[in-house]
$ cat final-v7.csv   # CSV, N, CA, C and O atoms
chain,number,residue,atom,x,y,z
Q,1,MET,N,164.1,66.0,74.4
Q,1,MET,CA,165.0,66.1,75.5
Q,1,MET,C,165.7,64.8,75.7
Q,1,MET,O,165.1,63.7,75.8
Q,2,PRO,N,167.0,64.8,75.8
Q,2,PRO,CA,167.8,63.6,76.0
Q,2,PRO,C,167.5,62.9,77.3
Q,2,PRO,O,167.1,63.6,78.3
Q,3,ASP,N,167.6,61.6,77.3
Q,3,ASP,CA,167.3,60.8,78.6
Q,3,ASP,C,168.6,60.9,79.5
Q,3,ASP,O,169.6,60.4,79.1
Q,4,LEU,N,168.5,61.5,80.6
Q,4,LEU,CA,169.6,61.8,81.5
Q,4,LEU,C,170.2,60.4,81.9
Q,4,LEU,O,171.4,60.3,81.9
Q,5,ARG,N,169.4,59.5,82.3
Q,5,ARG,CA,170.0,58.2,82.7
Q,5,ARG,C,170.8,57.5,81.6
Q,5,ARG,O,171.9,57.0,81.9
Q,6,SER,N,170.3,57.5,80.4
Q,6,SER,CA,171.1,56.9,79.3
Q,6,SER,C,172.4,57.7,79.0
Q,6,SER,O,173.4,57.0,78.8
Q,7,GLU,N,172.3,59.0,79.1
Q,7,GLU,CA,173.6,59.8,78.9
Q,7,GLU,C,174.6,59.5,80.0
Q,7,GLU,O,175.8,59.4,79.7
Q,8,LEU,N,174.1,59.5,81.2
Q,8,LEU,CA,175.0,59.3,82.3
Q,8,LEU,C,175.6,57.9,82.3
Q,8,LEU,O,176.8,57.7,82.5
Q,9,ALA,N,174.7,56.9,82.0
Q,9,ALA,CA,175.2,55.5,81.9
Q,9,ALA,C,176.3,55.4,80.8
Q,9,ALA,O,177.3,54.7,81.0
Q,10,ALA,N,176.1,56.0,79.6
Q,10,ALA,CA,177.1,56.0,78.6
Q,10,ALA,C,178.4,56.6,79.0
Q,10,ALA,O,179.5,56.1,78.7
Q,11,ALA,N,178.3,57.8,79.6
Q,11,ALA,CA,179.5,58.5,80.0
Q,11,ALA,C,180.3,57.8,81.1
Q,11,ALA,O,181.5,58.0,81.1
Q,12,LEU,N,179.6,57.1,81.9
Q,12,LEU,CA,180.3,56.4,83.1
Q,12,LEU,C,180.5,54.9,82.9
Q,12,LEU,O,180.9,54.2,83.8
Q,13,ALA,N,180.2,54.4,81.7
Q,13,ALA,CA,180.1,52.9,81.5
Q,13,ALA,C,181.5,52.2,81.8
Q,13,ALA,O,181.4,51.1,82.3
Q,14,ASP,N,182.6,52.9,81.7
Q,14,ASP,CA,183.8,52.3,82.0
Q,14,ASP,C,184.1,52.2,83.5
Q,14,ASP,O,185.0,51.4,83.9
Q,15,ARG,N,183.3,52.8,84.3
Q,15,ARG,CA,183.6,52.8,85.8
Q,15,ARG,C,182.4,52.4,86.6
Q,15,ARG,O,182.5,51.8,87.7
Q,16,TYR,N,181.2,52.7,86.2
Q,16,TYR,CA,180.0,52.5,87.0
Q,16,TYR,C,178.9,51.8,86.2
Q,16,TYR,O,178.8,51.9,85.0
Q,17,THR,N,178.0,51.2,86.9
Q,17,THR,CA,176.7,50.7,86.3
Q,17,THR,C,175.6,51.4,87.0
Q,17,THR,O,175.5,51.4,88.2
Q,18,ILE,N,174.8,52.2,86.2
Q,18,ILE,CA,173.7,53.0,86.7
Q,18,ILE,C,172.6,52.0,86.9
Q,18,ILE,O,172.0,51.4,86.0
Q,19,GLU,N,172.2,51.8,88.2
Q,19,GLU,CA,171.1,50.8,88.5
Q,19,GLU,C,169.7,51.4,88.3
Q,19,GLU,O,168.9,50.9,87.7
Q,20,ARG,N,169.5,52.5,89.0
Q,20,ARG,CA,168.1,53.1,89.0
Q,20,ARG,C,168.2,54.5,89.6
Q,20,ARG,O,169.2,54.9,90.2
Q,21,GLU,N,167.1,55.2,89.4
Q,21,GLU,CA,167.0,56.5,90.0
Q,21,GLU,C,166.6,56.4,91.5
Q,21,GLU,O,165.6,55.6,91.8
Q,22,LEU,N,167.3,57.1,92.4
Q,22,LEU,CA,166.9,57.0,93.8
Q,22,LEU,C,165.9,58.1,94.2
Q,22,LEU,O,165.1,57.9,95.1
Q,23,GLY,N,166.0,59.2,93.5
Q,23,GLY,CA,165.1,60.3,93.8
Q,23,GLY,C,165.4,61.5,93.0
Q,23,GLY,O,166.4,61.7,92.4
Q,24,ARG,N,164.5,62.5,93.1
Q,24,ARG,CA,164.7,63.7,92.4
Q,24,ARG,C,163.9,64.8,93.1
Q,24,ARG,O,162.9,64.6,93.8
Q,25,GLY,N,164.4,66.0,93.0
Q,25,GLY,CA,163.8,67.2,93.6
Q,25,GLY,C,164.6,68.4,93.4
Q,25,GLY,O,165.8,68.3,93.2
Q,26,GLY,N,163.9,69.5,93.3
Q,26,GLY,CA,164.6,70.7,93.0
Q,26,GLY,C,165.4,70.6,91.6
Q,26,GLY,O,164.7,70.4,90.6
Q,27,MET,N,166.6,70.8,91.7
Q,27,MET,CA,167.4,70.7,90.5
Q,27,MET,C,168.3,69.5,90.4
Q,27,MET,O,169.3,69.4,89.7
Q,28,THR,N,168.0,68.5,91.2
Q,28,THR,CA,168.8,67.3,91.4
Q,28,THR,C,168.1,66.0,91.1
Q,28,THR,O,167.0,65.8,91.4
Q,29,THR,N,168.8,65.1,90.5
Q,29,THR,CA,168.4,63.7,90.3
Q,29,THR,C,169.5,62.8,90.8
Q,29,THR,O,170.6,63.0,90.4
Q,30,VAL,N,169.2,61.9,91.7
Q,30,VAL,CA,170.2,61.0,92.3
Q,30,VAL,C,169.9,59.6,91.7
Q,30,VAL,O,168.8,59.1,91.8
Q,31,PHE,N,171.0,59.0,91.2
Q,31,PHE,CA,171.0,57.7,90.7
Q,31,PHE,C,171.8,56.8,91.5
Q,31,PHE,O,172.8,57.2,92.1
Q,32,LEU,N,171.4,55.5,91.6
Q,32,LEU,CA,172.2,54.5,92.2
Q,32,LEU,C,173.2,54.0,91.2
Q,32,LEU,O,172.8,53.5,90.1
Q,33,ALA,N,174.5,54.1,91.5
Q,33,ALA,CA,175.5,53.6,90.6
Q,33,ALA,C,176.4,52.6,91.4
Q,33,ALA,O,176.8,52.9,92.5
Q,34,LEU,N,176.6,51.5,90.8
Q,34,LEU,CA,177.4,50.4,91.5
Q,34,LEU,C,178.8,50.4,90.9
Q,34,LEU,O,179.0,50.4,89.7
Q,35,LEU,N,179.7,50.3,91.8
Q,35,LEU,CA,181.1,50.2,91.5
Q,35,LEU,C,181.7,48.8,91.4
Q,35,LEU,O,182.7,48.5,90.8
Q,36,GLY,N,181.1,47.9,92.2
Q,36,GLY,CA,181.5,46.6,92.2
Q,36,GLY,C,182.5,46.3,93.4
Q,36,GLY,O,182.9,45.2,93.6
Q,37,GLU,N,183.0,47.4,94.0
Q,37,GLU,CA,183.9,47.2,95.1
Q,37,GLU,C,183.4,48.0,96.3
Q,37,GLU,O,183.1,49.2,96.2
Q,38,PRO,N,183.2,47.3,97.5
Q,38,PRO,CA,182.6,47.9,98.6
Q,38,PRO,C,183.2,49.2,99.1
Q,38,PRO,O,182.6,50.2,99.4
Q,39,GLU,N,184.6,49.3,99.1
Q,39,GLU,CA,185.2,50.5,99.6
Q,39,GLU,C,185.0,51.7,98.6
Q,39,GLU,O,184.8,52.8,99.1
Q,40,LYS,N,185.0,51.4,97.4
Q,40,LYS,CA,184.7,52.4,96.4
Q,40,LYS,C,183.2,52.9,96.5
Q,40,LYS,O,182.9,54.1,96.4
Q,41,ALA,N,182.4,51.9,96.7
Q,41,ALA,CA,180.9,52.3,96.9
Q,41,ALA,C,180.8,53.2,98.1
Q,41,ALA,O,180.0,54.1,98.1
Q,42,LEU,N,181.4,52.8,99.2
Q,42,LEU,CA,181.3,53.6,100.4
Q,42,LEU,C,182.0,55.0,100.2
Q,42,LEU,O,181.5,56.0,100.8
Q,43,ASP,N,183.0,55.1,99.4
Q,43,ASP,CA,183.6,56.4,99.1
Q,43,ASP,C,182.6,57.3,98.4
Q,43,ASP,O,182.6,58.5,98.6
Q,44,GLN,N,181.8,56.7,97.6
Q,44,GLN,CA,180.7,57.5,96.9
Q,44,GLN,C,179.5,57.8,97.8
Q,44,GLN,O,178.9,58.8,97.6
Q,45,LEU,N,179.2,56.9,98.6
Q,45,LEU,CA,178.0,57.0,99.5
Q,45,LEU,C,178.2,58.1,100.6
Q,45,LEU,O,177.3,58.8,100.9
Q,46,GLU,N,179.4,58.1,101.2
Q,46,GLU,CA,179.7,59.0,102.3
Q,46,GLU,C,179.4,60.5,102.0
Q,46,GLU,O,178.6,61.1,102.7
Q,47,PRO,N,179.9,61.0,100.9
Q,47,PRO,CA,179.5,62.4,100.6
Q,47,PRO,C,178.0,62.7,100.4
Q,47,PRO,O,177.5,63.8,100.6
Q,48,LEU,N,177.3,61.7,99.8
Q,48,LEU,CA,175.9,61.8,99.6
Q,48,LEU,C,175.1,62.0,100.9
Q,48,LEU,O,174.1,62.7,100.9
Q,49,LEU,N,175.6,61.4,102.0
Q,49,LEU,CA,175.0,61.6,103.3
Q,49,LEU,C,175.1,63.0,103.8
Q,49,LEU,O,174.3,63.4,104.7
Q,50,LYS,N,176.0,63.8,103.3
Q,50,LYS,CA,176.2,65.1,103.7
Q,50,LYS,C,175.4,66.1,103.0
Q,50,LYS,O,175.3,67.3,103.3
Q,51,VAL,N,174.8,65.7,101.9
Q,51,VAL,CA,173.9,66.6,101.1
Q,51,VAL,C,172.5,66.5,101.6
Q,51,VAL,O,171.9,65.4,101.7
Q,52,PRO,N,171.9,67.6,102.0
Q,52,PRO,CA,170.6,67.5,102.5
Q,52,PRO,C,169.6,66.9,101.5
Q,52,PRO,O,169.6,67.2,100.4
Q,53,TYR,N,168.8,66.0,102.0
Q,53,TYR,CA,167.7,65.4,101.3
Q,53,TYR,C,168.1,64.4,100.2
Q,53,TYR,O,167.3,63.9,99.5
Q,54,SER,N,169.4,64.0,100.1
Q,54,SER,CA,169.7,63.0,99.2
Q,54,SER,C,169.6,61.6,99.8
Q,54,SER,O,168.8,60.8,99.3
Q,55,LEU,N,170.2,61.4,100.9
Q,55,LEU,CA,170.2,60.1,101.6
Q,55,LEU,C,170.2,60.4,103.1
Q,55,LEU,O,170.7,61.5,103.5
Q,56,SER,N,169.8,59.5,103.9
Q,56,SER,CA,169.9,59.7,105.3
Q,56,SER,C,170.3,58.3,105.9
Q,56,SER,O,170.1,57.3,105.3
Q,57,PRO,N,170.9,58.4,107.1
Q,57,PRO,CA,171.2,57.1,107.8
Q,57,PRO,C,170.0,56.2,107.9
Q,57,PRO,O,170.1,55.0,107.8
Q,58,GLY,N,168.9,56.8,108.2
Q,58,GLY,CA,167.6,56.0,108.3
Q,58,GLY,C,167.3,55.2,107.0
Q,58,GLY,O,166.9,54.1,107.0
Q,59,TRP,N,167.5,55.9,105.9
Q,59,TRP,CA,167.3,55.2,104.6
Q,59,TRP,C,168.2,54.1,104.4
Q,59,TRP,O,167.9,53.0,103.9
Q,60,LEU,N,169.5,54.2,104.8
Q,60,LEU,CA,170.5,53.2,104.7
Q,60,LEU,C,170.1,51.9,105.5
Q,60,LEU,O,170.3,50.8,105.1
Q,61,ARG,N,169.4,52.2,106.6
Q,61,ARG,CA,169.0,51.1,107.5
Q,61,ARG,C,167.9,50.2,106.9
Q,61,ARG,O,167.8,49.0,107.1
Q,62,ILE,N,167.0,50.9,106.1
Q,62,ILE,CA,165.8,50.1,105.6
Q,62,ILE,C,165.9,49.7,104.1
Q,62,ILE,O,165.2,48.8,103.8
Q,63,ASP,N,166.7,50.3,103.3
Q,63,ASP,CA,166.7,50.0,101.9
Q,63,ASP,C,167.5,48.7,101.6
Q,63,ASP,O,168.7,48.7,101.9
Q,64,PRO,N,166.8,47.7,101.1
Q,64,PRO,CA,167.5,46.4,100.9
Q,64,PRO,C,168.6,46.5,99.8
Q,64,PRO,O,169.5,45.6,99.8
Q,65,MET,N,168.7,47.5,99.0
Q,65,MET,CA,169.8,47.6,98.0
Q,65,MET,C,171.2,47.7,98.7
Q,65,MET,O,172.2,47.4,98.1
Q,66,PHE,N,171.2,48.1,100.0
Q,66,PHE,CA,172.4,48.2,100.7
Q,66,PHE,C,172.8,46.9,101.4
Q,66,PHE,O,173.8,46.9,102.1
Q,67,ASP,N,172.1,45.8,101.3
Q,67,ASP,CA,172.4,44.6,101.9
Q,67,ASP,C,173.8,44.1,101.7
Q,67,ASP,O,174.4,43.6,102.7
Q,68,PRO,N,174.4,44.2,100.5
Q,68,PRO,CA,175.7,43.7,100.4
Q,68,PRO,C,176.8,44.4,101.2
Q,68,PRO,O,177.9,43.9,101.4
Q,69,LEU,N,176.4,45.6,101.7
Q,69,LEU,CA,177.4,46.4,102.5
Q,69,LEU,C,177.1,46.3,104.0
Q,69,LEU,O,177.9,46.8,104.8
Q,70,ARG,N,176.1,45.8,104.4
Q,70,ARG,CA,175.6,45.9,105.8
Q,70,ARG,C,176.6,45.4,106.8
Q,70,ARG,O,176.7,45.9,107.9
Q,71,LYS,N,177.4,44.4,106.5
Q,71,LYS,CA,178.4,43.9,107.5
Q,71,LYS,C,179.7,44.7,107.5
Q,71,LYS,O,180.6,44.4,108.4
Q,72,ASN,N,179.9,45.6,106.6
Q,72,ASN,CA,181.1,46.4,106.5
Q,72,ASN,C,181.1,47.4,107.7
Q,72,ASN,O,180.1,48.2,107.9
Q,73,PRO,N,182.2,47.4,108.5
Q,73,PRO,CA,182.2,48.4,109.6
Q,73,PRO,C,182.1,49.8,109.2
Q,73,PRO,O,181.4,50.6,110.0
Q,74,ARG,N,182.6,50.2,108.1
Q,74,ARG,CA,182.5,51.6,107.7
Q,74,ARG,C,181.0,51.9,107.3
Q,74,ARG,O,180.5,53.0,107.7
Q,75,PHE,N,180.3,51.0,106.7
Q,75,PHE,CA,178.9,51.2,106.4
Q,75,PHE,C,178.1,51.3,107.7
Q,75,PHE,O,177.2,52.2,107.9
Q,76,GLN,N,178.4,50.5,108.7
Q,76,GLN,CA,177.7,50.6,110.0
Q,76,GLN,C,178.0,51.9,110.7
Q,76,GLN,O,177.0,52.5,111.3
Q,77,LYS,N,179.1,52.5,110.5
Q,77,LYS,CA,179.4,53.9,111.1
Q,77,LYS,C,178.5,54.9,110.3
Q,77,LYS,O,178.0,55.8,111.0
Q,78,LEU,N,178.4,54.7,109.0
Q,78,LEU,CA,177.6,55.7,108.3
Q,78,LEU,C,176.1,55.6,108.7
Q,78,LEU,O,175.4,56.6,108.8
Q,79,VAL,N,175.6,54.4,108.9
Q,79,VAL,CA,174.2,54.2,109.3
Q,79,VAL,C,174.0,54.8,110.7
Q,79,VAL,O,173.0,55.3,111.0
Q,80,ALA,N,175.1,54.7,111.6
Q,80,ALA,CA,175.0,55.2,112.9
Q,80,ALA,C,175.1,56.8,112.9
Q,80,ALA,O,174.8,57.4,113.9
Q,81,GLY,N,175.5,57.3,111.7
Q,81,GLY,CA,175.5,58.8,111.6
Q,81,GLY,C,176.9,59.3,112.1
Q,81,GLY,O,177.0,60.5,112.3
Q,82,THR,N,177.9,58.5,112.2
Q,82,THR,CA,179.2,58.9,112.7
Q,82,THR,C,180.3,58.6,111.7
Q,82,THR,O,181.2,57.9,111.9
Q,83,SER,N,180.1,59.2,110.5
Q,83,SER,CA,181.1,58.9,109.5
Q,83,SER,C,182.4,59.5,109.8
Q,83,SER,O,183.2,60.1,110.0
$ encode --input "final-v7.csv" --output "structure tokens"
Amino acid sequence: MPDLRSELAAALADRYTIERELGRGGMTTVFLALLGEPEKALDQLEPLLKVPYSLSPGWLRIDPMFDPLRKNPRFQKLVAGTS
């Protein structure tokens, strides 16, 4: 069976860096992909918060991988749950 992370990284290499798996369940696997630009990262993060069980505002508050975005007002709105 092919390695999903490797295939995804190869397919998205020109736009994203796949950092690590965030979680899996049911028929879904969620990976952390970095864009290098905060606004683009927030564009990707916002819809994930609308998917049940992928991410939550509480997770954003405690996971240190989001430290580079913490001072961004848009990120703060997402954490507050008012996107």
$ atom_distance --input "final-v7.csv" --atom1 "atom CA of Q:Glu21" --atom2 "atom CA of Q:Ala33"
9.0 Å
$ select_by_dssp --input "final-v7.csv" --residues "chain Q" --states "helix (DSSP H, G or I)" --output "number ranges by chain"
Q: 4-11, 38-48, 57-62, 64-69, 73-80
$ atom_distance --input "final-v7.csv" --atom1 "atom CA of Q:Leu42" --atom2 "atom CA of Q:Thr28"
20.6 Å
$ atom_distance --input "final-v7.csv" --atom1 "atom O of Q:Gly58" --atom2 "atom N of Q:Asp43"
17.8 Å
$ closest_residue --input "final-v7.csv" --among "Q:Tyr16, Q:Pro38, Q:Leu8, Q:Asp3" --to "Q:Lys71" --atoms "only C-alpha atoms"
Q:Pro38
